[in-house]
Amino acid sequence: MNITDCKTTLNLHECANEMYQLIAELYPICRSITGNGFRETLRRISKRIPLTVHEVPTGTKVFDWTVPREWNVRDAYIKNSRGEKIVDFHKSNLHVVSYSVPIQQKLSLNDLKAHLFTLPDYPDWIPYRTSYYKEDWGFCLSHKQLLAMQDDTFEVCIDSSLEDGYLTYGEYYLRGESTDEILISCHACHPSLANDNLSGVALATLMAQELSKLTLRYSYRFLFIPGTIGSITWLTLNESKVRNIKHGLVVTGVGDQGKSTYKKSRRGDADIDKAAMHVLKHSGHEYDIIDFFPYGYDERQYCSPGFNLPVGCLMRTPHGRYPEYHTSADNVGFVKPFALADSFSKCLSILHILEHNATYLNQNPKCEPQLGKRGLYQIIGGQADRKTQEMAMLWVLNLSDGCHTLLDIAEKSGINFNTIKNAAYILVENRLLNRS
Amino acid sequence: MNITDCKTTLNLHECANEMYQLIAELYPICRSITGNGFRETLRRISKRIPLTVHEVPTGTKVFDWTVPREWNVRDAYIKNSRGEKIVDFHKSNLHVVSYSVPIQQKLSLNDLKAHLFTLPDYPDWIPYRTSYYKEDWGFCLSHKQLLAMQDDTFEVCIDSSLEDGYLTYGEYYLRGESTDEILISCHACHPSLANDNLSGVALATLMAQELSKLTLRYSYRFLFIPGTIGSITWLTLNESKVRNIKHGLVVTGVGDQGKSTYKKSRRGDADIDKAAMHVLKHSGHEYDIIDFFPYGYDERQYCSPGFNLPVGCLMRTPHGRYPEYHTSADNVGFVKPFALADSFSKCLSILHILEHNATYLNQNPKCEPQLGKRGLYQIIGGQADRKTQEMAMLWVLNLSDGCHTLLDIAEKSGINFNTIKNAAYILVENRLLNRS
Amino acid sequence: MNITDCKTTLNLHECANEMYQLIAELYPICRSITGNGFRETLRRISKRIPLTVHEVPTGTKVFDWTVPREWNVRDAYIKNSRGEKIVDFHKSNLHVVSYSVPIQQKLSLNDLKAHLFTLPDYPDWIPYRTSYYKEDWGFCLSHKQLLAMQDDTFEVCIDSSLEDGYLTYGEYYLRGESTDEILISCHACHPSLANDNLSGVALATLMAQELSKLTLRYSYRFLFIPGTIGSITWLTLNESKVRNIKHGLVVTGVGDQGKSTYKKSRRGDADIDKAAMHVLKHSGHEYDIIDFFPYGYDERQYCSPGFNLPVGCLMRTPHGRYPEYHTSADNVGFVKPFALADSFSKCLSILHILEHNATYLNQNPKCEPQLGKRGLYQIIGGQADRKTQEMAMLWVLNLSDGCHTLLDIAEKSGINFNTIKNAAYILVENRLLNRS
């Protein structure tokens, strides 16, 4: 089966359910950029796809950075003087600032406050905070919890370890016909955050699962990495493989109800950009296309000037543009199966274009070939469809001069890539067109 | 006399009348892509311009196509059981489907219906149908006629012949100073259709007549051909001449009341495209510019990728965008003399630009030359006109750096080509400018 | 002190006052394209900046032109038969047509009228007229004055001289670190006209004064010249220096209340064009950008095709677009200190960009450098400012690939040049960036 058949036979509803279940399964795990939560996450994904898990030792130099110590946390709480846990890591792993150093201490409310983070505008939500590269500790709690705290002596405990260990990441390389590859990258370093983090993880996992059943033109590389330090580490260790990456997508934040957004690669006119824009334009839904900017997710690293890879970012509402972002409100309920299904479908359509996009040569470039004598008029489908198919054939013939890919032809004609591709395939069968 | 003088002295009203009369004269003839109707049409045109008539034998291979058998029809009718001709070819040659094979048969209404074509939305109009490349027969009639037909036994007769013969086309080559040539192509293969077909024929004929009186820079080639197969045939037989074609226009549908439309060549930025757009933009009338698409008239063949000639299409309402298209309502009354005059004038203006467009070199490129000492301020016409003329001279001087044609300068300055051209000629007379 | 410090420490209010005083001081002088009024003007400017005064003899060939005879006028009047001076040069030097030949004559009102110029639409204003290259004489007066003249015998006297002498212009060359230079050009050939003429003179003078106190990257050349013939003369005599001119501005009409207007150089995409557009876009004020056209001020000569210098024109309301233009209403009151201050500030900002614009190379092009470990997060200013500064650093790093100047990066990021520049300087200090 190839990707075209997959597109038509796939049960999107089922896919969405599987993604949703995976999100729900991974949600409770306390992930950070290193540590056992990340390992456990990879272990669960490994049940679905044959992931290679890499362990990179603390202290490894990765370009300008250094792999940090490994962080693990077993427990964390704030107790009041009556011994009541008023903040409890086991209720939400967002309560502890990620990479907090171990602490066991008694403090007044006033002294404690310097280590407490809340969201006054959203008094029910717990914020998500990290302190990866500065030794510190802290607690995140809802503003309501803070307001309820009376002056008291509080016992704070963070039973964490910050020790030499490893940075862990997962990789799945799916060999296609060519060594040219398409990179699908997602970050998996956030604790209980569903849209930012797990939606991308779930989409990449399911996509890998589906693609592994197909005959593929490209090889695919799926990366499940901690944000920033993960892509920097991978790029350092795999610099020689970078030249194989012909297209790439960072997928993240693909489960919220907002419209789909594609952030272009730094190049701005790479095939991945054209393919993603084509899919969104022909989707019949509202969408946003945004230019590359050097902020966001791991596209920042892939698109750094020394690499300048053709890697864009597929998401729905961009990070920071929805209030639930980086809070406890980005929970499993915030993610919607229909949105996951839609993102999956669009991602698949983008890959479908890349799999099939190519430059062809009209074998009969002088005047039109006589389509009628080959039975190529009125051969397919209903009346409206037939007219479009005929126009698609004429467009493909007219522009297959070696300077236009099928995607270029789709864009110039305003006709959906799929129709253009089908027209090309019919023309190839009829020896009117050859792959250039 | 050159084309500029022609533009100013031409009696457009008279031209329009001559075009209209030619349309009326040719309208009753039953043309098809081959046959005596086409020959008769060329014979009439030959009275006005010295046409060379080419006869290409049936069976001749023309690129991917083959010249078809020659079709002629003497009579065709449907009689009811009372012997009344209820559909009569002699009343309208649209009644018989073009290229119908000979038939003489009695049928029930039901069996006959498979061979009848009507336009239910326009019950008074007869549609125009062809079956060039598939052996079949049929009648076109008004929907009212069809509704009036009772169950009966009908006698159908098509006294046609479909035999080895010739494809006929007319060509007029008008030699100018250069062997570089401008192609003017029109199709003449439709029976009684006035706007689609005859308006283009009439415009091309009159244009050839007028141009033949002038001193011309370019050579002109006028083609009166059957659509599609005619241009394919010409291109096959004249491949070595194609390199001389520097600009070209397909003219058709130039007599309806709609606004002028120019369809760009496949190149999109050829001089013919720039010239036509300039003329329409400065016409003071509404107009449409449309990008090339591989459908329509013979520009499809001239702009096939193996030729990619700079050939656009000048028309008014595009084919298929008016209900009268390909029906008996596209009759002589549908064509308007004012529209023919306007199309003729615009076509002449386009050719005028091409005849005069050139790149010049400012002979005094460092600082402005002193126009005043040469009497070049206030030398022409009234106050407003003078200011524009002076600006035109300054623009021509400023941009005549070898990289801008006069047409480019006209576009950049927003000034009409004619004013720019006049300014250039004055500057040449004053030795401030040379043809590069 | 460099130009950045100057921008922040400059007292714009004081600058505006000095410009305004200089305009008021120069206003009464009767200037023309040659003569003692021009000399006197340069003498006054010389008190502020060390001007070199050039005297070019009458008859000198300057490209297609010839330096004209020198014109001076001592007195001019029209007396009625009662001996009353009804038009008096000493009341307004606009009363005499510039370059009027000497005349002493008695005439009837009717004969005199051929030599009188008024503005019927603005009956209180005196127009400004010249007759440089055609021997003639005339008076300009208010339409009210004309209407008050009864039939009478009038004595007209123009005590002028038109004799071999010199064309005078002033030049101030300010040496910077490089011989690459920025040209600032203004015309100073108009008599009592404040906005057209003196506002540019005043801005150029003050700018020269301020820049002379600074350490500069570029050398600066200030020209105080008669319009047209002055720039033609300078270009003729200094052709070998032209190659040093990397950027240039004609400044004129910079004191009226209208919005700032920048007219692009003929190139249209020169650095001066980008810098001026950036400044106007980020100014927070309304503005206009207009394409080059071969009319206006001395940019016509600098941008003639043989030179094609990157010289634009900074003004407020363009010449001819305000009724006071070339009339006695363009007086000292028409010019506003706030407008002078604003124009000065914008001009300085443009120069600031040119002084600092450069291409840098990211020294750590593979992935982002770790800004945190260098203390480059949260190092500057308040919260909002900090975020912009961090984004500016990321943009500079991402686009410093050798293909983007800081100005390009400012444009692409939408961030003010100054913020981008500061980010670049911080990155240079941190050895993350080098001047390419």
# chains A, B, ... in the order shown; residues from 1 in each chain; ligands from 1
>>> closest_atom_pairs(of="chain A", to="chain B", cutoff="10 Å", atoms="only C-alpha atoms", output="JSON lines")
{"residue": "A:Leu361", "atom": "CA", "partner": "B:Pro305", "partner_atom": "CA", "distance": 9.9}
{"residue": "A:Asn362", "atom": "CA", "partner": "B:Pro305", "partner_atom": "CA", "distance": 8.1}
{"residue": "A:Gln363", "atom": "CA", "partner": "B:Gly306", "partner_atom": "CA", "distance": 9.7}
{"residue": "A:Asn364", "atom": "CA", "partner": "B:Asp64", "partner_atom": "CA", "distance": 7.4}
{"residue": "A:Pro365", "atom": "CA", "partner": "B:Gly306", "partner_atom": "CA", "distance": 4.4}
{"residue": "A:Lys366", "atom": "CA", "partner": "B:Gly306", "partner_atom": "CA", "distance": 4.3}
{"residue": "A:Cys367", "atom": "CA", "partner": "B:Gln301", "partner_atom": "CA", "distance": 4.5}
{"residue": "A:Glu368", "atom": "CA", "partner": "B:Gln301", "partner_atom": "CA", "distance": 6.2}
{"residue": "A:Pro369", "atom": "CA", "partner": "B:Asp64", "partner_atom": "CA", "distance": 5.3}
{"residue": "A:Gln370", "atom": "CA", "partner": "B:Trp65", "partner_atom": "CA", "distance": 6.1}
{"residue": "A:Leu371", "atom": "CA", "partner": "B:Asp64", "partner_atom": "CA", "distance": 9.4}
{"residue": "A:Gly372", "atom": "CA", "partner": "B:Tyr133", "partner_atom": "CA", "distance": 7.6}
{"residue": "A:Lys373", "atom": "CA", "partner": "B:Tyr133", "partner_atom": "CA", "distance": 7.8}
{"residue": "A:Glu390", "atom": "CA", "partner": "B:Tyr295", "partner_atom": "CA", "distance": 9.9}
{"residue": "A:Met391", "atom": "CA", "partner": "B:Pro294", "partner_atom": "CA", "distance": 7.6}
{"residue": "A:Ala392", "atom": "CA", "partner": "B:Pro294", "partner_atom": "CA", "distance": 9.4}
{"residue": "A:Met393", "atom": "CA", "partner": "B:Pro294", "partner_atom": "CA", "distance": 9.5}
{"residue": "A:Leu394", "atom": "CA", "partner": "B:Pro294", "partner_atom": "CA", "distance": 5.9}
{"residue": "A:Trp395", "atom": "CA", "partner": "B:Pro294", "partner_atom": "CA", "distance": 6.0}
{"residue": "A:Val396", "atom": "CA", "partner": "B:Pro294", "partner_atom": "CA", "distance": 9.4}
{"residue": "A:Leu397", "atom": "CA", "partner": "B:Pro305", "partner_atom": "CA", "distance": 8.0}
{"residue": "A:Asn398", "atom": "CA", "partner": "B:Pro305", "partner_atom": "CA", "distance": 5.7}
{"residue": "A:Leu399", "atom": "CA", "partner": "B:Pro305", "partner_atom": "CA", "distance": 6.8}
{"residue": "A:Ser400", "atom": "CA", "partner": "B:Pro305", "partner_atom": "CA", "distance": 7.6}
{"residue": "A:Asp401", "atom": "CA", "partner": "B:Pro305", "partner_atom": "CA", "distance": 6.1}
{"residue": "A:Gly402", "atom": "CA", "partner": "B:Pro305", "partner_atom": "CA", "distance": 9.8}
{"residue": "A:Lys412", "atom": "CA", "partner": "B:Phe293", "partner_atom": "CA", "distance": 9.2}
{"residue": "A:Ser413", "atom": "CA", "partner": "B:Phe293", "partner_atom": "CA", "distance": 7.6}
>>> select_by_dssp(residues="stretch 316-414 of chain B", states="strand (DSSP E or B)", output="number ranges by chain")
B: 327, 359-362, 401-405
>>> atom_distance(atom1="atom CA of A:His278", atom2="atom CA of A:Lys264")
12.4 Å
>>> residues_around(residues="B:Ala204", least_positions_apart="6", cutoff="8 Å", atoms="only C-alpha atoms", output="NGL selection string")
:B and (184-186 or 222 or 251)
>>> select_by_dssp(residues="stretch 64-278 of chain A", states="helix (DSSP H, G or I)", output="MDAnalysis selection string")
chainID A and resid 93:95 109:113 143:148 194:211 229:237 239:244 271:278
>>> residues_around(residues="stretch 7-13 of chain B", least_positions_apart="6", cutoff="12 Å", atoms="only C-alpha atoms", output="PDB file with N, CA, C and O atoms, in the first residue's frame")
ATOM      1  N   MET B   1       3.178  55.403 -45.988  1.00  0.00           N
ATOM      2  CA  MET B   1       2.488  55.646 -44.711  1.00  0.00           C
ATOM      3  C   MET B   1       2.916  54.571 -43.703  1.00  0.00           C
ATOM      4  O   MET B   1       3.049  53.406 -44.051  1.00  0.00           O
ATOM      5  N   MET B  19     -16.082  45.168 -41.784  1.00  0.00           N
ATOM      6  CA  MET B  19     -16.012  43.921 -41.006  1.00  0.00           C
ATOM      7  C   MET B  19     -17.395  43.313 -40.854  1.00  0.00           C
ATOM      8  O   MET B  19     -17.593  42.117 -41.021  1.00  0.00           O
ATOM      9  N   TYR B  20     -18.340  44.195 -40.552  1.00  0.00           N
ATOM     10  CA  TYR B  20     -19.706  43.719 -40.330  1.00  0.00           C
ATOM     11  C   TYR B  20     -20.279  43.082 -41.598  1.00  0.00           C
ATOM     12  O   TYR B  20     -20.915  42.024 -41.561  1.00  0.00           O
ATOM     13  N   LEU B 203     -11.832  40.720 -38.466  1.00  0.00           N
ATOM     14  CA  LEU B 203     -10.803  41.628 -37.953  1.00  0.00           C
ATOM     15  C   LEU B 203      -9.455  41.336 -38.603  1.00  0.00           C
ATOM     16  O   LEU B 203      -8.735  42.256 -39.029  1.00  0.00           O
ATOM     17  N   LEU B 206      -9.501  42.603 -42.308  1.00  0.00           N
ATOM     18  CA  LEU B 206      -9.390  44.065 -42.418  1.00  0.00           C
ATOM     19  C   LEU B 206      -8.016  44.552 -41.991  1.00  0.00           C
ATOM     20  O   LEU B 206      -7.443  45.459 -42.581  1.00  0.00           O
ATOM     21  N   MET B 207      -7.476  43.923 -40.942  1.00  0.00           N
ATOM     22  CA  MET B 207      -6.156  44.328 -40.463  1.00  0.00           C
ATOM     23  C   MET B 207      -5.113  44.060 -41.542  1.00  0.00           C
ATOM     24  O   MET B 207      -4.243  44.904 -41.809  1.00  0.00           O
ATOM     25  N   GLU B 210      -5.429  46.718 -44.207  1.00  0.00           N
ATOM     26  CA  GLU B 210      -4.871  48.014 -43.814  1.00  0.00           C
ATOM     27  C   GLU B 210      -3.348  47.960 -43.730  1.00  0.00           C
ATOM     28  O   GLU B 210      -2.657  48.851 -44.203  1.00  0.00           O
ATOM     29  N   LEU B 211      -2.826  46.904 -43.114  1.00  0.00           N
ATOM     30  CA  LEU B 211      -1.373  46.829 -42.941  1.00  0.00           C
ATOM     31  C   LEU B 211      -0.659  46.738 -44.286  1.00  0.00           C
ATOM     32  O   LEU B 211       0.464  47.219 -44.445  1.00  0.00           O
ATOM     33  N   LYS B 213      -1.076  48.322 -46.784  1.00  0.00           N
ATOM     34  CA  LYS B 213      -0.856  49.647 -47.383  1.00  0.00           C
ATOM     35  C   LYS B 213       0.326  50.375 -46.739  1.00  0.00           C
ATOM     36  O   LYS B 213       0.693  51.463 -47.176  1.00  0.00           O
ATOM     37  N   LEU B 214       0.875  49.797 -45.677  1.00  0.00           N
ATOM     38  CA  LEU B 214       1.838  50.540 -44.860  1.00  0.00           C
ATOM     39  C   LEU B 214       3.269  50.058 -45.037  1.00  0.00           C
ATOM     40  O   LEU B 214       3.512  48.947 -45.510  1.00  0.00           O
ATOM     41  N   LYS B 336     -21.647  43.627 -32.782  1.00  0.00           N
ATOM     42  CA  LYS B 336     -21.950  45.050 -32.884  1.00  0.00           C
ATOM     43  C   LYS B 336     -20.811  45.784 -33.598  1.00  0.00           C
ATOM     44  O   LYS B 336     -19.639  45.625 -33.228  1.00  0.00           O
ATOM     45  N   PRO B 337     -21.161  46.626 -34.577  1.00  0.00           N
ATOM     46  CA  PRO B 337     -20.106  47.379 -35.266  1.00  0.00           C
ATOM     47  C   PRO B 337     -19.215  48.171 -34.306  1.00  0.00           C
ATOM     48  O   PRO B 337     -17.997  48.203 -34.476  1.00  0.00           O
ATOM     49  N   PHE B 338     -19.801  48.796 -33.274  1.00  0.00           N
ATOM     50  CA  PHE B 338     -18.951  49.597 -32.357  1.00  0.00           C
ATOM     51  C   PHE B 338     -17.922  48.709 -31.657  1.00  0.00           C
ATOM     52  O   PHE B 338     -16.789  49.107 -31.402  1.00  0.00           O
ATOM     53  N   ALA B 339     -18.336  47.469 -31.356  1.00  0.00           N
ATOM     54  CA  ALA B 339     -17.411  46.564 -30.673  1.00  0.00           C
ATOM     55  C   ALA B 339     -16.304  46.115 -31.634  1.00  0.00           C
ATOM     56  O   ALA B 339     -15.135  46.013 -31.255  1.00  0.00           O
ATOM     57  N   LEU B 340     -16.689  45.859 -32.882  1.00  0.00           N
ATOM     58  CA  LEU B 340     -15.683  45.498 -33.885  1.00  0.00           C
ATOM     59  C   LEU B 340     -14.691  46.642 -34.076  1.00  0.00           C
ATOM     60  O   LEU B 340     -13.473  46.427 -34.138  1.00  0.00           O
ATOM     61  N   ALA B 341     -15.226  47.862 -34.147  1.00  0.00           N
ATOM     62  CA  ALA B 341     -14.362  49.033 -34.327  1.00  0.00           C
ATOM     63  C   ALA B 341     -13.402  49.155 -33.149  1.00  0.00           C
ATOM     64  O   ALA B 341     -12.199  49.396 -33.320  1.00  0.00           O
ATOM     65  N   ASP B 342     -13.934  48.968 -31.969  1.00  0.00           N
ATOM     66  CA  ASP B 342     -13.108  49.106 -30.770  1.00  0.00           C
ATOM     67  C   ASP B 342     -12.026  48.013 -30.715  1.00  0.00           C
ATOM     68  O   ASP B 342     -10.866  48.284 -30.401  1.00  0.00           O
ATOM     69  N   SER B 343     -12.406  46.795 -31.037  1.00  0.00           N
ATOM     70  CA  SER B 343     -11.416  45.706 -31.029  1.00  0.00           C
ATOM     71  C   SER B 343     -10.346  45.955 -32.087  1.00  0.00           C
ATOM     72  O   SER B 343      -9.159  45.739 -31.854  1.00  0.00           O
ATOM     73  N   PHE B 344     -10.794  46.418 -33.251  1.00  0.00           N
ATOM     74  CA  PHE B 344      -9.839  46.704 -34.327  1.00  0.00           C
ATOM     75  C   PHE B 344      -8.851  47.778 -33.889  1.00  0.00           C
ATOM     76  O   PHE B 344      -7.636  47.655 -34.064  1.00  0.00           O
ATOM     77  N   SER B 345      -9.389  48.814 -33.294  1.00  0.00           N
ATOM     78  CA  SER B 345      -8.556  49.926 -32.841  1.00  0.00           C
ATOM     79  C   SER B 345      -7.550  49.469 -31.791  1.00  0.00           C
ATOM     80  O   SER B 345      -6.373  49.844 -31.817  1.00  0.00           O
ATOM     81  N   LYS B 346      -7.995  48.637 -30.872  1.00  0.00           N
ATOM     82  CA  LYS B 346      -7.082  48.160 -29.830  1.00  0.00           C
ATOM     83  C   LYS B 346      -6.009  47.256 -30.423  1.00  0.00           C
ATOM     84  O   LYS B 346      -4.835  47.309 -30.032  1.00  0.00           O
ATOM     85  N   CYS B 347      -6.424  46.417 -31.367  1.00  0.00           N
ATOM     86  CA  CYS B 347      -5.450  45.537 -32.007  1.00  0.00           C
ATOM     87  C   CYS B 347      -4.407  46.372 -32.748  1.00  0.00           C
ATOM     88  O   CYS B 347      -3.208  46.115 -32.665  1.00  0.00           O
ATOM     89  N   LEU B 348      -4.873  47.394 -33.434  1.00  0.00           N
ATOM     90  CA  LEU B 348      -3.958  48.274 -34.162  1.00  0.00           C
ATOM     91  C   LEU B 348      -3.005  48.982 -33.193  1.00  0.00           C
ATOM     92  O   LEU B 348      -1.812  49.129 -33.467  1.00  0.00           O
ATOM     93  N   SER B 349      -3.529  49.402 -32.057  1.00  0.00           N
ATOM     94  CA  SER B 349      -2.677  50.064 -31.056  1.00  0.00           C
ATOM     95  C   SER B 349      -1.611  49.110 -30.522  1.00  0.00           C
ATOM     96  O   SER B 349      -0.474  49.508 -30.259  1.00  0.00           O
ATOM     97  N   ILE B 350      -1.976  47.864 -30.356  1.00  0.00           N
ATOM     98  CA  ILE B 350      -0.999  46.865 -29.892  1.00  0.00           C
ATOM     99  C   ILE B 350       0.103  46.709 -30.943  1.00  0.00           C
ATOM    100  O   ILE B 350       1.298  46.737 -30.623  1.00  0.00           O
ATOM    101  N   LEU B 351      -0.319  46.586 -32.196  1.00  0.00           N
ATOM    102  CA  LEU B 351       0.682  46.433 -33.268  1.00  0.00           C
ATOM    103  C   LEU B 351       1.525  47.698 -33.393  1.00  0.00           C
ATOM    104  O   LEU B 351       2.740  47.630 -33.625  1.00  0.00           O
ATOM    105  N   HIS B 352       0.885  48.836 -33.183  1.00  0.00           N
ATOM    106  CA  HIS B 352       1.601  50.116 -33.220  1.00  0.00           C
ATOM    107  C   HIS B 352       2.728  50.129 -32.196  1.00  0.00           C
ATOM    108  O   HIS B 352       3.852  50.559 -32.481  1.00  0.00           O
ATOM    109  N   ILE B 353       2.430  49.646 -31.005  1.00  0.00           N
ATOM    110  CA  ILE B 353       3.480  49.588 -29.977  1.00  0.00           C
ATOM    111  C   ILE B 353       4.596  48.656 -30.421  1.00  0.00           C
ATOM    112  O   ILE B 353       5.781  48.994 -30.339  1.00  0.00           O
ATOM    113  N   ASN B 418       2.364  56.282 -26.802  1.00  0.00           N
ATOM    114  CA  ASN B 418       2.456  57.198 -27.935  1.00  0.00           C
ATOM    115  C   ASN B 418       3.193  58.482 -27.570  1.00  0.00           C
ATOM    116  O   ASN B 418       4.021  58.976 -28.324  1.00  0.00           O
TER     117      ASN B 418
END
>>> residues_around(residues="C:Arg129", least_positions_apart="4", cutoff="9 Å", atoms="only C-alpha atoms", output="ChimeraX atom specification")
/C:94-98,117,138-140,326-327
>>> write_last_selection(atoms="C-alpha atoms", output="PDB file, in the first residue's frame")
ATOM      1  CA  LEU C  94      10.431  88.530  -5.270  1.00  0.00           C
ATOM      2  CA  HIS C  95       9.153  91.625  -7.106  1.00  0.00           C
ATOM      3  CA  VAL C  96      11.830  91.362  -9.763  1.00  0.00           C
ATOM      4  CA  VAL C  97      11.935  88.383 -12.114  1.00  0.00           C
ATOM      5  CA  SER C  98      15.244  86.676 -11.412  1.00  0.00           C
ATOM      6  CA  PHE C 117       3.103  88.363 -13.166  1.00  0.00           C
ATOM      7  CA  GLY C 138       9.637  91.392 -15.528  1.00  0.00           C
ATOM      8  CA  PHE C 139       7.994  92.192 -12.225  1.00  0.00           C
ATOM      9  CA  CYS C 140       6.037  89.963  -9.898  1.00  0.00           C
ATOM     10  CA  HIS C 326       7.089  79.635  -5.072  1.00  0.00           C
ATOM     11  CA  THR C 327       5.174  82.586  -3.650  1.00  0.00           C
TER      12      THR C 327
END
>>> residues_around(residues="B:Ser219", least_positions_apart="3", cutoff="7 Å", atoms="only C-alpha atoms", output="PDB file with N, CA and C atoms, in the first residue's frame")
ATOM      1  N   LEU B 174       2.816  39.013 -45.209  1.00  0.00           N
ATOM      2  CA  LEU B 174       3.041  40.396 -45.620  1.00  0.00           C
ATOM      3  C   LEU B 174       4.467  40.745 -45.194  1.00  0.00           C
ATOM      4  N   ARG B 175       5.322  40.983 -46.172  1.00  0.00           N
ATOM      5  CA  ARG B 175       6.734  41.168 -45.867  1.00  0.00           C
ATOM      6  C   ARG B 175       6.994  42.588 -45.372  1.00  0.00           C
ATOM      7  N   GLY B 176       7.605  42.715 -44.218  1.00  0.00           N
ATOM      8  CA  GLY B 176       8.021  44.015 -43.714  1.00  0.00           C
ATOM      9  C   GLY B 176       9.532  44.179 -43.874  1.00  0.00           C
ATOM     10  N   GLU B 177      10.084  45.178 -43.192  1.00  0.00           N
ATOM     11  CA  GLU B 177      11.533  45.423 -43.326  1.00  0.00           C
ATOM     12  C   GLU B 177      12.353  44.264 -42.787  1.00  0.00           C
ATOM     13  N   SER B 178      11.832  43.629 -41.760  1.00  0.00           N
ATOM     14  CA  SER B 178      12.576  42.552 -41.115  1.00  0.00           C
ATOM     15  C   SER B 178      11.898  41.210 -41.383  1.00  0.00           C
ATOM     16  N   THR B 179      12.659  40.146 -41.302  1.00  0.00           N
ATOM     17  CA  THR B 179      12.024  38.819 -41.395  1.00  0.00           C
ATOM     18  C   THR B 179      11.401  38.419 -40.057  1.00  0.00           C
ATOM     19  N   ASP B 180      11.701  39.170 -39.008  1.00  0.00           N
ATOM     20  CA  ASP B 180      10.983  38.940 -37.740  1.00  0.00           C
ATOM     21  C   ASP B 180       9.507  39.159 -37.999  1.00  0.00           C
ATOM     22  N   GLU B 181       8.703  38.276 -37.462  1.00  0.00           N
ATOM     23  CA  GLU B 181       7.308  38.408 -37.842  1.00  0.00           C
ATOM     24  C   GLU B 181       6.336  38.386 -36.661  1.00  0.00           C
ATOM     25  N   ILE B 182       5.179  38.942 -36.958  1.00  0.00           N
ATOM     26  CA  ILE B 182       4.058  38.941 -36.011  1.00  0.00           C
ATOM     27  C   ILE B 182       2.973  38.044 -36.594  1.00  0.00           C
TER      28      ILE B 182
END
>>> residues_around(residues="B:Pro102", least_positions_apart="5", cutoff="12 Å", atoms="only C-alpha atoms", output="number ranges by chain")
B: 71-77, 96-97, 135-138, 156-163
>>> atom_distance(atom1="atom CA of A:Tyr360", atom2="atom CA of A:Leu433")
6.4 Å
>>> atom_distance(atom1="atom CA of A:Ile23", atom2="atom CA of A:Pro50")
18.5 Å
>>> closest_residue(among="A:Ser283, A:Thr168, A:Thr405, A:Ser328", to="A:Glu40", atoms="only C-alpha atoms")
A:Thr168
